[in-house]
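Content type CSV, N, CA and C atoms, from the file upload-v7.csv:
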```csv
chain,number,residue,atom,x,y,z
A,158,ALA,N,-21.8,-5.3,27.0
A,158,ALA,CA,-22.0,-6.6,26.5
A,158,ALA,C,-21.0,-7.6,27.3
A,159,HIS,N,-19.8,-7.1,27.5
A,159,HIS,CA,-18.8,-7.9,28.2
A,159,HIS,C,-19.3,-8.3,29.6
A,160,ARG,N,-20.0,-7.4,30.3
A,160,ARG,CA,-20.5,-7.6,31.6
A,160,ARG,C,-21.9,-8.3,31.6
A,161,GLY,N,-22.4,-8.6,30.4
A,161,GLY,CA,-23.7,-9.3,30.3
A,161,GLY,C,-24.9,-8.4,30.5
A,162,GLU,N,-24.7,-7.1,30.4
A,162,GLU,CA,-25.8,-6.1,30.6
A,162,GLU,C,-26.6,-5.9,29.3
A,163,CYS,N,-26.0,-6.3,28.1
A,163,CYS,CA,-26.7,-6.3,26.9
A,163,CYS,C,-26.0,-7.3,26.0
A,164,SER,N,-26.6,-7.5,24.8
A,164,SER,CA,-26.0,-8.5,23.9
A,164,SER,C,-25.1,-7.8,22.9
A,165,VAL,N,-24.2,-8.6,22.2
A,165,VAL,CA,-23.4,-8.0,21.2
A,165,VAL,C,-24.2,-7.5,20.1
A,166,PHE,N,-25.3,-8.1,19.8
A,166,PHE,CA,-26.2,-7.7,18.7
A,166,PHE,C,-26.8,-6.3,19.1
A,167,ASP,N,-27.1,-6.1,20.4
A,167,ASP,CA,-27.6,-4.8,20.9
A,167,ASP,C,-26.6,-3.7,20.5
A,168,VAL,N,-25.3,-4.0,20.8
A,168,VAL,CA,-24.3,-3.0,20.5
A,168,VAL,C,-24.2,-2.7,19.0
A,169,VAL,N,-24.3,-3.8,18.2
A,169,VAL,CA,-24.3,-3.6,16.7
A,169,VAL,C,-25.5,-2.7,16.3
A,170,ARG,N,-26.6,-3.0,16.9
A,170,ARG,CA,-27.8,-2.2,16.5
A,170,ARG,C,-27.7,-0.7,16.9
A,171,TRP,N,-27.1,-0.5,18.1
A,171,TRP,CA,-27.0,0.9,18.6
A,171,TRP,C,-25.9,1.7,17.9
A,172,MET,N,-24.8,1.0,17.5
A,172,MET,CA,-23.7,1.7,16.9
A,172,MET,C,-23.6,1.6,15.3
A,173,SER,N,-24.5,0.9,14.7
A,173,SER,CA,-24.4,0.7,13.3
A,173,SER,C,-25.8,0.9,12.6
A,174,ILE,N,-26.7,0.0,13.0
A,174,ILE,CA,-28.0,-0.1,12.3
A,174,ILE,C,-28.8,1.2,12.6
A,175,ALA,N,-29.0,1.5,13.9
A,175,ALA,CA,-29.8,2.6,14.3
A,175,ALA,C,-29.3,4.0,13.7
A,176,PRO,N,-28.0,4.3,13.8
A,176,PRO,CA,-27.5,5.6,13.3
A,176,PRO,C,-27.7,5.7,11.8
A,177,ALA,N,-27.5,4.6,11.1
A,177,ALA,CA,-27.7,4.6,9.6
A,177,ALA,C,-29.1,4.8,9.3
A,178,ARG,N,-30.0,4.3,10.0
A,178,ARG,CA,-31.5,4.5,9.8
A,178,ARG,C,-31.9,5.9,10.2
A,179,LEU,N,-31.4,6.4,11.4
A,179,LEU,CA,-31.7,7.7,11.9
A,179,LEU,C,-31.3,8.8,10.9
A,180,TYR,N,-30.1,8.7,10.4
A,180,TYR,CA,-29.5,9.7,9.6
A,180,TYR,C,-29.7,9.4,8.1
A,181,LYS,N,-30.4,8.3,7.8
A,181,LYS,CA,-30.8,8.0,6.4
A,181,LYS,C,-29.5,7.9,5.5
A,182,ILE,N,-28.5,7.1,6.0
A,182,ILE,CA,-27.2,7.0,5.3
A,182,ILE,C,-27.4,5.8,4.4
A,183,LYS,N,-27.4,6.0,3.1
A,183,LYS,CA,-27.6,4.9,2.1
A,183,LYS,C,-26.5,3.9,2.1
A,184,GLY,N,-26.8,2.7,2.1
A,184,GLY,CA,-25.8,1.6,1.9
A,184,GLY,C,-25.2,1.2,3.3
A,185,LYS,N,-25.5,1.9,4.3
A,185,LYS,CA,-24.9,1.6,5.7
A,185,LYS,C,-25.9,0.9,6.6
A,186,GLY,N,-25.4,0.4,7.7
A,186,GLY,CA,-26.3,-0.3,8.7
A,186,GLY,C,-26.1,-1.7,8.7
A,187,PRO,N,-27.2,-2.5,8.4
A,187,PRO,CA,-27.0,-4.0,8.5
A,187,PRO,C,-26.2,-4.5,7.4
A,188,LEU,N,-25.5,-5.6,7.7
A,188,LEU,CA,-24.7,-6.3,6.7
A,188,LEU,C,-25.7,-7.1,5.8
A,189,ALA,N,-25.8,-6.8,4.6
A,189,ALA,CA,-26.7,-7.4,3.7
A,189,ALA,C,-26.3,-7.2,2.2
A,190,VAL,N,-26.8,-8.0,1.3
A,190,VAL,CA,-26.6,-7.9,-0.1
A,190,VAL,C,-27.0,-6.5,-0.6
A,191,GLY,N,-26.2,-5.9,-1.3
A,191,GLY,CA,-26.5,-4.6,-1.8
A,191,GLY,C,-26.1,-3.4,-0.9
A,192,ARG,N,-25.5,-3.7,0.2
A,192,ARG,CA,-25.1,-2.7,1.2
A,192,ARG,C,-23.6,-2.7,1.1
A,193,ASP,N,-23.0,-1.5,1.6
A,193,ASP,CA,-21.5,-1.4,1.7
A,193,ASP,C,-21.0,-2.5,2.7
A,194,ALA,N,-19.8,-3.0,2.4
A,194,ALA,CA,-19.1,-4.0,3.2
A,194,ALA,C,-18.2,-3.3,4.3
A,195,ASP,N,-18.8,-2.6,5.1
A,195,ASP,CA,-18.1,-1.9,6.2
A,195,ASP,C,-18.2,-2.8,7.4
A,196,LEU,N,-17.0,-3.3,7.9
A,196,LEU,CA,-17.0,-4.3,9.0
A,196,LEU,C,-15.9,-3.9,10.0
A,197,THR,N,-16.2,-4.2,11.3
A,197,THR,CA,-15.2,-4.1,12.3
A,197,THR,C,-15.1,-5.4,13.0
A,198,ILE,N,-13.9,-6.0,13.1
A,198,ILE,CA,-13.8,-7.2,13.9
A,198,ILE,C,-13.2,-6.8,15.3
A,199,VAL,N,-13.9,-7.3,16.3
A,199,VAL,CA,-13.6,-6.9,17.7
A,199,VAL,C,-13.2,-8.1,18.5
A,200,ASP,N,-12.1,-8.0,19.2
A,200,ASP,CA,-11.6,-9.0,20.2
A,200,ASP,C,-12.4,-8.7,21.5
A,201,LEU,N,-13.4,-9.5,21.8
A,201,LEU,CA,-14.3,-9.2,22.9
A,201,LEU,C,-13.6,-9.3,24.3
A,202,ASN,N,-12.4,-10.0,24.3
A,202,ASN,CA,-11.7,-10.2,25.6
A,202,ASN,C,-10.5,-9.2,25.7
A,203,ALA,N,-10.1,-8.5,24.7
A,203,ALA,CA,-9.0,-7.6,24.8
A,203,ALA,C,-9.3,-6.4,25.7
A,204,THR,N,-8.4,-6.1,26.6
A,204,THR,CA,-8.6,-5.0,27.6
A,204,THR,C,-7.4,-4.1,27.4
A,205,GLU,N,-7.7,-2.8,27.2
A,205,GLU,CA,-6.7,-1.8,27.0
A,205,GLU,C,-7.1,-0.5,27.7
A,206,ARG,N,-6.2,0.4,27.9
A,206,ARG,CA,-6.5,1.7,28.5
A,206,ARG,C,-6.6,2.7,27.3
A,207,VAL,N,-7.7,3.5,27.3
A,207,VAL,CA,-7.9,4.4,26.2
A,207,VAL,C,-6.8,5.5,26.2
A,208,GLY,N,-6.2,5.6,25.1
A,208,GLY,CA,-5.2,6.6,24.9
A,208,GLY,C,-3.8,6.1,24.9
A,209,ASP,N,-3.6,4.8,25.4
A,209,ASP,CA,-2.3,4.2,25.5
A,209,ASP,C,-1.6,4.1,24.1
A,210,ARG,N,-2.4,4.0,23.0
A,210,ARG,CA,-1.8,3.8,21.7
A,210,ARG,C,-2.1,5.1,20.9
A,211,GLY,N,-2.4,6.2,21.5
A,211,GLY,CA,-2.7,7.4,20.8
A,211,GLY,C,-4.1,7.4,20.3
A,212,TYR,N,-4.4,8.4,19.5
A,212,TYR,CA,-5.8,8.5,18.9
A,212,TYR,C,-5.7,8.6,17.4
A,213,GLN,N,-6.7,8.0,16.8
A,213,GLN,CA,-6.9,8.2,15.3
A,213,GLN,C,-8.3,8.9,15.2
A,214,SER,N,-8.3,10.2,15.4
A,214,SER,CA,-9.6,10.9,15.3
A,214,SER,C,-9.3,12.3,14.8
A,215,LYS,N,-10.3,13.0,14.4
A,215,LYS,CA,-10.1,14.4,13.9
A,215,LYS,C,-9.8,15.3,15.1
A,216,CYS,N,-10.3,15.1,16.3
A,216,CYS,CA,-10.0,16.0,17.4
A,216,CYS,C,-8.8,15.6,18.2
A,217,GLY,N,-8.4,14.3,18.1
A,217,GLY,CA,-7.1,13.9,18.8
A,217,GLY,C,-7.2,13.7,20.3
A,218,TRP,N,-8.5,13.5,20.8
A,218,TRP,CA,-8.7,13.3,22.2
A,218,TRP,C,-9.9,12.4,22.4
A,219,SER,N,-10.1,11.9,23.6
A,219,SER,CA,-11.3,11.1,23.8
A,219,SER,C,-11.8,11.4,25.2
A,220,ALA,N,-13.1,11.5,25.4
A,220,ALA,CA,-13.8,11.7,26.7
A,220,ALA,C,-13.5,10.4,27.6
A,221,PHE,N,-13.1,9.3,27.0
A,221,PHE,CA,-12.8,8.1,27.8
A,221,PHE,C,-11.3,8.0,28.1
A,222,ASP,N,-10.5,9.0,27.9
A,222,ASP,CA,-9.1,8.9,28.1
A,222,ASP,C,-8.7,8.4,29.5
A,223,GLY,N,-7.9,7.4,29.5
A,223,GLY,CA,-7.4,6.8,30.7
A,223,GLY,C,-8.3,5.7,31.3
A,224,MET,N,-9.5,5.5,30.7
A,224,MET,CA,-10.4,4.4,31.2
A,224,MET,C,-9.9,3.0,30.6
A,225,GLN,N,-10.0,2.0,31.4
A,225,GLN,CA,-9.7,0.6,31.0
A,225,GLN,C,-10.9,0.0,30.5
A,226,LEU,N,-10.9,-0.3,29.2
A,226,LEU,CA,-12.1,-0.9,28.6
A,226,LEU,C,-11.8,-2.2,28.0
A,227,THR,N,-12.9,-3.1,27.9
A,227,THR,CA,-12.7,-4.4,27.3
A,227,THR,C,-13.5,-4.4,26.0
A,228,GLY,N,-12.9,-5.1,25.0
A,228,GLY,CA,-13.5,-5.2,23.7
A,228,GLY,C,-13.0,-4.2,22.7
A,229,TRP,N,-11.9,-4.5,22.0
A,229,TRP,CA,-11.2,-3.6,21.1
A,229,TRP,C,-11.2,-4.1,19.7
A,230,ALA,N,-11.3,-3.2,18.8
A,230,ALA,CA,-11.3,-3.5,17.4
A,230,ALA,C,-9.9,-3.9,17.0
A,231,THR,N,-9.9,-5.0,16.1
A,231,THR,CA,-8.6,-5.5,15.6
A,231,THR,C,-8.4,-5.2,14.1
A,232,HIS,N,-9.6,-5.2,13.4
A,232,HIS,CA,-9.6,-4.9,12.0
A,232,HIS,C,-10.8,-4.1,11.6
A,233,THR,N,-10.7,-3.2,10.6
A,233,THR,CA,-11.8,-2.4,10.1
A,233,THR,C,-11.7,-2.4,8.6
A,234,SER,N,-12.8,-2.7,8.0
A,234,SER,CA,-12.9,-2.7,6.5
A,234,SER,C,-13.9,-1.7,6.1
A,235,VAL,N,-13.6,-0.8,5.2
A,235,VAL,CA,-14.5,0.2,4.7
A,235,VAL,C,-14.6,0.1,3.2
A,236,ASN,N,-15.8,-0.2,2.7
A,236,ASN,CA,-16.0,-0.4,1.3
A,236,ASN,C,-15.1,-1.5,0.7
A,237,GLY,N,-14.8,-2.5,1.5
A,237,GLY,CA,-13.9,-3.6,1.0
A,237,GLY,C,-12.4,-3.4,1.2
A,238,GLY,N,-12.0,-2.2,1.6
A,238,GLY,CA,-10.5,-2.0,1.9
A,238,GLY,C,-10.2,-1.9,3.3
A,239,PHE,N,-9.1,-2.3,3.8
A,239,PHE,CA,-8.7,-2.2,5.2
A,239,PHE,C,-8.3,-0.8,5.6
A,240,ALA,N,-9.0,-0.3,6.6
A,240,ALA,CA,-8.7,1.0,7.2
A,240,ALA,C,-7.8,0.7,8.4
A,241,MET,N,-8.0,-0.5,9.0
A,241,MET,CA,-7.2,-0.9,10.1
A,241,MET,C,-7.0,-2.4,10.0
A,242,ARG,N,-5.7,-2.9,10.2
A,242,ARG,CA,-5.4,-4.3,10.2
A,242,ARG,C,-4.5,-4.6,11.3
A,243,ASP,N,-4.8,-5.7,12.1
A,243,ASP,CA,-4.1,-6.1,13.3
A,243,ASP,C,-3.8,-4.9,14.2
A,244,LYS,N,-4.8,-4.1,14.4
A,244,LYS,CA,-4.8,-2.9,15.3
A,244,LYS,C,-3.9,-1.8,14.8
A,245,GLU,N,-3.5,-1.8,13.6
A,245,GLU,CA,-2.7,-0.7,13.0
A,245,GLU,C,-3.5,0.0,11.9
A,246,VAL,N,-3.7,1.3,12.0
A,246,VAL,CA,-4.3,2.1,11.0
A,246,VAL,C,-3.5,2.0,9.8
A,247,GLN,N,-4.1,1.8,8.7
A,247,GLN,CA,-3.4,1.7,7.4
A,247,GLN,C,-3.2,3.1,6.8
A,248,GLY,N,-2.0,3.6,6.9
A,248,GLY,CA,-1.6,4.9,6.5
A,248,GLY,C,-2.0,5.2,5.1
A,249,ASP,N,-2.0,4.2,4.2
A,249,ASP,CA,-2.2,4.5,2.8
A,249,ASP,C,-3.7,4.2,2.5
A,250,PHE,N,-4.5,4.0,3.5
A,250,PHE,CA,-5.9,3.7,3.2
A,250,PHE,C,-6.7,4.9,2.7
A,251,ARG,N,-7.4,4.7,1.6
A,251,ARG,CA,-8.3,5.8,1.1
A,251,ARG,C,-9.6,5.1,0.8
A,252,ALA,N,-10.7,5.5,1.4
A,252,ALA,CA,-12.0,4.8,1.1
A,252,ALA,C,-12.4,5.2,-0.3
A,253,PRO,N,-12.8,4.2,-1.1
A,253,PRO,CA,-13.3,4.5,-2.4
A,253,PRO,C,-14.4,5.5,-2.4
A,254,PRO,N,-14.6,6.4,-3.4
A,254,PRO,CA,-15.7,7.3,-3.4
A,254,PRO,C,-17.1,6.7,-3.4
```
Take the structure I supplied and represent it as structure tokens, if you would.
Amino acid sequence: AHRGECSVFDVVRWMSIAPARLYKIKGKGPLAVGRDADLTIVDLNATERVGDRGYQSKCGWSAFDGMQLTGWATHTSVNGGFAMRDKEVQGDFRAPP
């Protein structure tokens, strides 16, 4: 999207709407009344190297390690609570059941 090869909406569709539909995940996908309020705010101009700030994943590594990428999440909300705020994972975050 940053290079103009697709739109930001295309990325949203590929990363959110399509997987929720494909895997039939209830309440996920498009932002709409009656759906979960899961949101990620992205700074479309932020450029960082993957791995410079460590990893927050179950496996602890990334296939993109060392790559310089543009467009980084700054905030993530899951079910209305912050899982990440100002690029910092909230250590006390627990998604409601």
Practice problem: Please identify which residues in range 163-195 of chain A DSSP calls alpha helix (DSSP H) from the backbone, and express them as a PyMOL selection string. | Solution: chain A and resi 165-169+175-179
Write the residues you've just listed into a file as a tab-separated table (two decimals), keeping the file's coordinate frame, and include N, CA and C atoms for each of them.
```
chain	number	residue	atom	x	y	z
A	165	VAL	N	-24.20	-8.60	22.20
A	165	VAL	CA	-23.40	-8.00	21.20
A	165	VAL	C	-24.20	-7.50	20.10
A	166	PHE	N	-25.30	-8.10	19.80
A	166	PHE	CA	-26.20	-7.70	18.70
A	166	PHE	C	-26.80	-6.30	19.10
A	167	ASP	N	-27.10	-6.10	20.40
A	167	ASP	CA	-27.60	-4.80	20.90
A	167	ASP	C	-26.60	-3.70	20.50
A	168	VAL	N	-25.30	-4.00	20.80
A	168	VAL	CA	-24.30	-3.00	20.50
A	168	VAL	C	-24.20	-2.70	19.00
A	169	VAL	N	-24.30	-3.80	18.20
A	169	VAL	CA	-24.30	-3.60	16.70
A	169	VAL	C	-25.50	-2.70	16.30
A	175	ALA	N	-29.00	1.50	13.90
A	175	ALA	CA	-29.80	2.60	14.30
A	175	ALA	C	-29.30	4.00	13.70
A	176	PRO	N	-28.00	4.30	13.80
A	176	PRO	CA	-27.50	5.60	13.30
A	176	PRO	C	-27.70	5.70	11.80
A	177	ALA	N	-27.50	4.60	11.10
A	177	ALA	CA	-27.70	4.60	9.60
A	177	ALA	C	-29.10	4.80	9.30
A	178	ARG	N	-30.00	4.30	10.00
A	178	ARG	CA	-31.50	4.50	9.80
A	178	ARG	C	-31.90	5.90	10.20
A	179	LEU	N	-31.40	6.40	11.40
A	179	LEU	CA	-31.70	7.70	11.90
A	179	LEU	C	-31.30	8.80	10.90
```
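Taking only N, CA and C atoms into account, Thr197 in chain A lies nearest to A:Ala230 out of the set A:Cys163, A:Ala175, A:Ala230, A:Met224.
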Self-check item: Selection near range 187-193 of chain A, 7 Å with only N, CA and C atoms, sequence-local residues under 2 positions removed, as number ranges by chain
Solution: A: 173-174, 183-185, 195-196, 235-237
Self-check item: Atomic separation - CA of Gly186 in chain A relative to atom C of Met172 in chain A, Å
Solution: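 These atoms are spaced 7.4 Å apart.
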Exercise. Mind giving me the straight-line distance from CA of Val207 in chain A to atom N of Phe221 in chain A in Å, one decimal?
Key: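 Separation of CA of Val207 in chain A and atom N of Phe221 in chain A: 7.2 Å.
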Quiz prompt | For atom N of Thr227 in chain A and atom N of Lys181 in chain A, the interatomic separation in Å (one decimal) | solution =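 For atom N of Thr227 in chain A relative to atom N of Lys181 in chain A, the distance reads 29.0 Å.
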Quiz prompt | Residues near Glu205 in chain A, cut-off 8 Å, only N, CA and C atoms, skip fewer than 6 positions along chain, as number ranges by chain | solution = A: 223-229
Practice problem: Apply DSSP to the structure's backbone, then extract all residues of range 164-253 of chain A labelled strand (DSSP E or B) and return them as a PyMOL selection string. | Solution: chain A and resi 196-206+225-235+238-242+245-246
Practice problem: Pick out the closest residue to Val246 in chain A from this set: A:Pro176, A:Ile198, A:Val168, A:Gln213. Count all atoms listed in the file. | Solution: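 Under the stated criterion, the closest residue is A:Gln213.
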Quiz item: So which one's closest to Ser164 in chain A, A:Ala177, A:Leu201, A:Tyr212, A:Arg206? Using only C-alpha atoms, please.
Solution: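 The closest residue to Ser164 in chain A is A:Leu201.
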Exercise. Determine the nearest neighbour of Arg160 in chain A from the options A:Leu179, A:Asn202, A:Ser214, A:Ser234, counting only C-alpha atoms.
Key: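 Closest candidate: A:Asn202.
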